[in-house]
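One structure is given below, encoded as structure tokens.
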Amino acid sequence: EQRRVGARHRADPGAPLKPLAKRLAASEITVGNFESTLSTAGSPTQGGDSFAASPRVTSGLRAAGFDLLSLANNHVGDYGDRALRQTLASFARSKIDTVGAGRDLAQAHRPVILERDGVRVGFVAVDSIGESPAATRAKAGTNRLNMPPRTGPLDRAALRRITSDIRALDKQVDVVIVLTHWGTQYTHRPEPSQRLAAQEFADAGADLVIGGHPHWVQGWEMAGSAVVVHSLGNFVFDMDFQTKTREGIFLEIVIWGDTVRAVEPVPYVIDAAFTPRLIRGSRERILADVWQTSRGHLR
């Protein structure tokens, strides 16, 4: 159930994070997308693509400085309701906040606010891919926004609920960051629905919209003053069958008061041990893939 990353690093599940741990932990807030359960207390729902990491990976995540993990994705529900609840409990015990999934809808769509040096940063996370169940009043799952290409057409009622959450959060914090799980796999080009949803998030008060799922990097755009990053690519993953799935970026973001002053992409390549490493020779190629599919402004 751990596929090749877990099998390769069984003795130390956090090992793939170590080469970048110091850089990641240097940030005052470190955030990632955790696309797995921490439990196999149920039947695998996606066959050989059902992901379950060892609960011991939380110590590696803490060592790399992770403060918050988005669970709004299509693998957190891979072993069913009980396993998802156990995963949420494991992260709670480890003192790593989670956003975008919960034991019910109220918890799944609840924002997380982190404060550093008097600056309050609020996070909302949204899943649009769909293998993980959508949270309901009685069932664990993700904060779902149905939209193309996997769960479409765009659910306008859910979009209104999420933008309402963003507007409420914007009144409480200095900066709002929306983490999205969306788009078509194996392409640099965002779906039109990504652009539409991102614009709605920005209009509601989001300062940054940061996406994942396509396995390739995708372009950046502006929605008014908000920065939209459509896909960061893979980070720790065993998808080594093509060059583009072994490349990605993480973002170093500078916030002063209530303003995002800088968003810097840091490219890396995933090595044969499924470990992301900063490799200077690939930097320009990866960034070229980002900029060539960036359009400037959404509108």
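Going by the structure tokens order, chains are called A, B, ..., each with residues numbered from 1, while ligands are numbered from 1 in the order shown.
The list of residues with at least one atom within 9 Å of Ala106 of chain A, based on only C-alpha atoms and without residues fewer than 4 positions apart in the same chain, reads Gly102, Arg110, Ala135, Thr136 and Arg137 of chain A.
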Output for the residues just chosen: N, CA, C and O atoms as a short mmCIF file (atom, residue, chain, number, x, y, z; two decimals), in the first residue's frame:
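So part.cif came out as:
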data_model
loop_
_atom_site.label_atom_id
_atom_site.label_comp_id
_atom_site.auth_asym_id
_atom_site.auth_seq_id
_atom_site.Cartn_x
_atom_site.Cartn_y
_atom_site.Cartn_z
N GLY A 102 -12.05 16.55 6.68
CA GLY A 102 -12.47 16.46 8.07
C GLY A 102 -13.42 15.32 8.31
O GLY A 102 -13.82 14.62 7.38
N ARG A 110 -13.59 24.10 7.26
CA ARG A 110 -13.11 25.07 8.24
C ARG A 110 -11.72 25.59 7.85
O ARG A 110 -10.80 24.82 7.63
N ALA A 135 -16.96 15.39 1.89
CA ALA A 135 -17.48 15.39 3.26
C ALA A 135 -18.96 15.78 3.26
O ALA A 135 -19.40 16.60 2.46
N THR A 136 -19.71 15.16 4.16
CA THR A 136 -21.13 15.50 4.36
C THR A 136 -21.32 15.80 5.85
O THR A 136 -20.38 15.76 6.64
N ARG A 137 -22.54 16.08 6.22
CA ARG A 137 -22.81 16.37 7.64
C ARG A 137 -22.49 15.17 8.53
O ARG A 137 -22.24 15.33 9.73
#
Determine, counting only C-alpha atoms, which protein, DNA and RNA residues have an atom within 9 Å of an atom of segment 70-78 of chain A; residues of the same chain fewer than 4 positions away are not included. Present the result as a ChimeraX atom specification.
/A:31-38,40,42-47,49-52,83-84,87,97-102,108,124-133,140-144,179-182,212-213
Go ahead and write the selection's residues with C-alpha atoms as an mmCIF file, in the first residue's frame.
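The resulting selection.cif:
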data_model
loop_
_atom_site.group_PDB
_atom_site.id
_atom_site.type_symbol
_atom_site.label_atom_id
_atom_site.label_comp_id
_atom_site.auth_asym_id
_atom_site.auth_seq_id
_atom_site.Cartn_x
_atom_site.Cartn_y
_atom_site.Cartn_z
ATOM 1 C CA VAL A 31 2.737 24.240 4.017
ATOM 2 C CA GLY A 32 2.322 21.188 1.764
ATOM 3 C CA ASN A 33 -0.182 18.847 0.152
ATOM 4 C CA PHE A 34 -0.187 15.411 1.815
ATOM 5 C CA GLU A 35 -1.685 12.994 -0.687
ATOM 6 C CA SER A 36 -2.090 9.775 1.283
ATOM 7 C CA THR A 37 -3.679 8.292 4.368
ATOM 8 C CA LEU A 38 -1.759 7.298 7.493
ATOM 9 C CA THR A 40 -4.972 1.031 6.186
ATOM 10 C CA GLY A 42 -10.260 -0.337 5.545
ATOM 11 C CA SER A 43 -10.360 -1.690 2.017
ATOM 12 C CA PRO A 44 -8.251 0.028 -0.671
ATOM 13 C CA THR A 45 -10.559 2.066 -2.860
ATOM 14 C CA GLN A 46 -8.196 2.682 -5.795
ATOM 15 C CA GLY A 47 -6.489 -0.690 -6.154
ATOM 16 C CA ASP A 49 -3.087 3.413 -6.631
ATOM 17 C CA SER A 50 -4.320 3.445 -3.039
ATOM 18 C CA PHE A 51 -1.770 5.363 -0.972
ATOM 19 C CA ALA A 52 -1.061 4.805 2.734
ATOM 20 C CA ALA A 83 -8.794 5.293 7.908
ATOM 21 C CA LEU A 84 -9.446 8.947 7.084
ATOM 22 C CA THR A 87 -5.321 9.972 9.638
ATOM 23 C CA ASP A 97 -2.522 21.338 11.381
ATOM 24 C CA THR A 98 -4.611 20.055 8.487
ATOM 25 C CA VAL A 99 -7.045 21.817 6.183
ATOM 26 C CA GLY A 100 -9.460 20.755 3.450
ATOM 27 C CA ALA A 101 -10.674 17.428 4.906
ATOM 28 C CA GLY A 102 -12.469 16.464 8.072
ATOM 29 C CA ALA A 108 -13.608 19.872 6.122
ATOM 30 C CA VAL A 124 -8.728 27.300 2.739
ATOM 31 C CA ALA A 125 -8.253 24.044 0.782
ATOM 32 C CA VAL A 126 -10.497 22.644 -1.948
ATOM 33 C CA ASP A 127 -10.581 19.273 -3.773
ATOM 34 C CA SER A 128 -12.021 19.087 -7.290
ATOM 35 C CA ILE A 129 -10.747 15.648 -8.384
ATOM 36 C CA GLY A 130 -13.058 13.296 -6.596
ATOM 37 C CA GLU A 131 -11.874 9.789 -5.691
ATOM 38 C CA SER A 132 -11.831 10.814 -2.033
ATOM 39 C CA PRO A 133 -15.413 11.194 -0.803
ATOM 40 C CA ALA A 140 -15.650 12.188 6.603
ATOM 41 C CA GLY A 141 -14.234 13.553 3.382
ATOM 42 C CA THR A 142 -12.829 16.545 1.556
ATOM 43 C CA ASN A 143 -14.002 20.101 0.966
ATOM 44 C CA ARG A 144 -15.332 19.413 -2.520
ATOM 45 C CA LEU A 179 -4.946 25.593 -1.835
ATOM 46 C CA THR A 180 -6.599 23.782 -4.745
ATOM 47 C CA HIS A 181 -6.525 20.229 -6.087
ATOM 48 C CA TRP A 182 -7.713 20.486 -9.667
ATOM 49 C CA GLY A 212 -1.735 20.798 -7.531
ATOM 50 C CA HIS A 213 -2.763 17.425 -9.027
#
Spatial neighbours of Pro214 of chain A, 10 Å, only C-alpha atoms, chain gap at least 6 places, as number ranges by chain
A: 181-190, 230-234, 245
Can you spit out the residues from that selection as a PDB file, in the first residue's frame, using C-alpha atoms?
ATOM      1  CA  HIS A 181      -6.525  20.229  -6.087  1.00  0.00           C
ATOM      2  CA  TRP A 182      -7.713  20.486  -9.667  1.00  0.00           C
ATOM      3  CA  GLY A 183      -6.914  20.251 -13.365  1.00  0.00           C
ATOM      4  CA  THR A 184      -5.927  17.756 -16.043  1.00  0.00           C
ATOM      5  CA  GLN A 185      -2.969  15.439 -15.525  1.00  0.00           C
ATOM      6  CA  TYR A 186       0.190  15.528 -17.679  1.00  0.00           C
ATOM      7  CA  THR A 187      -0.247  18.954 -19.193  1.00  0.00           C
ATOM      8  CA  HIS A 188       1.154  22.417 -18.566  1.00  0.00           C
ATOM      9  CA  ARG A 189      -2.157  23.999 -19.566  1.00  0.00           C
ATOM     10  CA  PRO A 190      -4.804  24.843 -16.961  1.00  0.00           C
ATOM     11  CA  HIS A 230      -2.023  26.517 -11.242  1.00  0.00           C
ATOM     12  CA  SER A 231       0.200  23.516 -10.425  1.00  0.00           C
ATOM     13  CA  LEU A 232       3.457  22.975  -8.522  1.00  0.00           C
ATOM     14  CA  GLY A 233       4.115  19.491  -9.961  1.00  0.00           C
ATOM     15  CA  ASN A 234       5.143  16.455  -7.897  1.00  0.00           C
ATOM     16  CA  THR A 245       6.596  14.078 -13.542  1.00  0.00           C
TER      17      THR A 245
END
Could you please write out, as a JSON list (two decimals) with N, CA, C and O atoms, in the first residue's frame, every residue of segment 38-103 of chain A that DSSP assigns to strand (DSSP E or B)?
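The resulting file, part_22.json, is reproduced below:
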[["chain", "number", "residue", "atom", "x", "y", "z"],
["A", 52, "ALA", "N", -1.06, 4.74, 1.27],
["A", 52, "ALA", "CA", -1.06, 4.81, 2.73],
["A", 52, "ALA", "C", 0.38, 4.90, 3.21],
["A", 52, "ALA", "O", 1.17, 3.99, 2.98],
["A", 66, "PHE", "N", 7.05, 21.41, 8.64],
["A", 66, "PHE", "CA", 5.67, 21.56, 8.16],
["A", 66, "PHE", "C", 4.74, 21.92, 9.31],
["A", 66, "PHE", "O", 4.66, 21.23, 10.33],
["A", 67, "ASP", "N", 4.05, 23.04, 9.12],
["A", 67, "ASP", "CA", 3.07, 23.53, 10.09],
["A", 67, "ASP", "C", 1.65, 23.14, 9.69],
["A", 67, "ASP", "O", 0.79, 23.00, 10.56],
["A", 68, "LEU", "N", 1.41, 23.03, 8.38],
["A", 68, "LEU", "CA", 0.07, 22.81, 7.87],
["A", 68, "LEU", "C", 0.13, 21.93, 6.63],
["A", 68, "LEU", "O", 0.99, 22.12, 5.77],
["A", 69, "LEU", "N", -0.79, 20.98, 6.54],
["A", 69, "LEU", "CA", -0.89, 20.11, 5.37],
["A", 69, "LEU", "C", -2.31, 20.17, 4.84],
["A", 69, "LEU", "O", -3.28, 20.03, 5.59],
["A", 70, "SER", "N", -2.42, 20.37, 3.52],
["A", 70, "SER", "CA", -3.72, 20.23, 2.88],
["A", 70, "SER", "C", -4.01, 18.75, 2.66],
["A", 70, "SER", "O", -3.18, 18.01, 2.14],
["A", 97, "ASP", "N", -1.16, 20.97, 11.77],
["A", 97, "ASP", "CA", -2.52, 21.34, 11.38],
["A", 97, "ASP", "C", -2.86, 20.77, 10.01],
["A", 97, "ASP", "O", -1.98, 20.60, 9.16],
["A", 98, "THR", "N", -4.13, 20.51, 9.79],
["A", 98, "THR", "CA", -4.61, 20.06, 8.49],
["A", 98, "THR", "C", -5.78, 20.93, 8.07],
["A", 98, "THR", "O", -6.50, 21.49, 8.89],
["A", 99, "VAL", "N", -5.97, 21.01, 6.74],
["A", 99, "VAL", "CA", -7.04, 21.82, 6.18],
["A", 99, "VAL", "C", -7.59, 21.11, 4.94],
["A", 99, "VAL", "O", -6.86, 20.40, 4.26],
["A", 101, "ALA", "N", -9.99, 18.71, 4.69],
["A", 101, "ALA", "CA", -10.67, 17.43, 4.91],
["A", 101, "ALA", "C", -11.03, 17.36, 6.38],
["A", 101, "ALA", "O", -10.40, 18.02, 7.22],
["A", 102, "GLY", "N", -12.05, 16.55, 6.68],
["A", 102, "GLY", "CA", -12.47, 16.46, 8.07],
["A", 102, "GLY", "C", -13.42, 15.32, 8.31],
["A", 102, "GLY", "O", -13.82, 14.62, 7.38]]
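You can rank A:Asp155, A:Glu191, A:Asp165, A:Asp207 by their closest distance to Thr259 of chain A using only C-alpha atoms, and at the top of that list sits A:Asp207.
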What does the distance from atom CA of Phe250 of chain A to atom CA of Thr163 of chain A come to in Å, to one decimal?
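Going from atom CA of Phe250 of chain A over to atom CA of Thr163 of chain A covers 25.4 Å.
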Test item: residues at most 9 Å from Leu159 of chain A, only C-alpha atoms, excluding those fewer than 4 positions along its chain, as a list in words
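With the cut-off at 9 Å, the set is Leu145, Asn146, Leu154, Asp155, Thr163, Ser164, Ala197, Glu200 and Phe201 of chain A.
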Select from segment 46-213 of chain A everything DSSP, run on the backbone, classes as helix (DSSP H, G or I), then give the selection as number ranges by chain.
A: 47-49, 57-63, 80-93, 105-108, 156-170, 192-204
Counting only C-alpha atoms, the option among A:Arg283, A:Arg120, A:Arg277, A:Arg295 closest to Leu17 of chain A:
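Nearest candidate to Leu17 of chain A out of A:Arg283, A:Arg120, A:Arg277, A:Arg295: A:Arg277.
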Selected residue of minimal separation from Ala204 of chain A among A:Ile166, A:Val227, A:Ile113, A:Ile249, counting only C-alpha atoms
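Of all the options, A:Ile166 lies closest to Ala204 of chain A.
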Surrounding residues of Leu298 of chain A excluding itself and chain neighbours under 5 positions, 12 Å, only C-alpha atoms, as a count of residues only:
25
In terms of only C-alpha atoms, the residue from A:Val57, A:Val254, A:Ala206, A:Ala15 at minimal distance from Ile177 of chain A is A:Ala206
Identify which of the residues A:Ile253, A:Gln172, A:Gln218, A:Gly205 lies closest to Glu115 of chain A, counting only C-alpha atoms when measuring atom-to-atom distances.
A:Gln172
Interatomic distance (Å, one decimal) between atom CA of Arg85 of chain A and atom CA of Ala134 of chain A:
13.7 Å
Measure the distance from atom CA of Ala168 of chain A to atom CA of Gly65 of chain A in Å and round it to one decimal.
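Distance between the two atoms: 28.2 Å.
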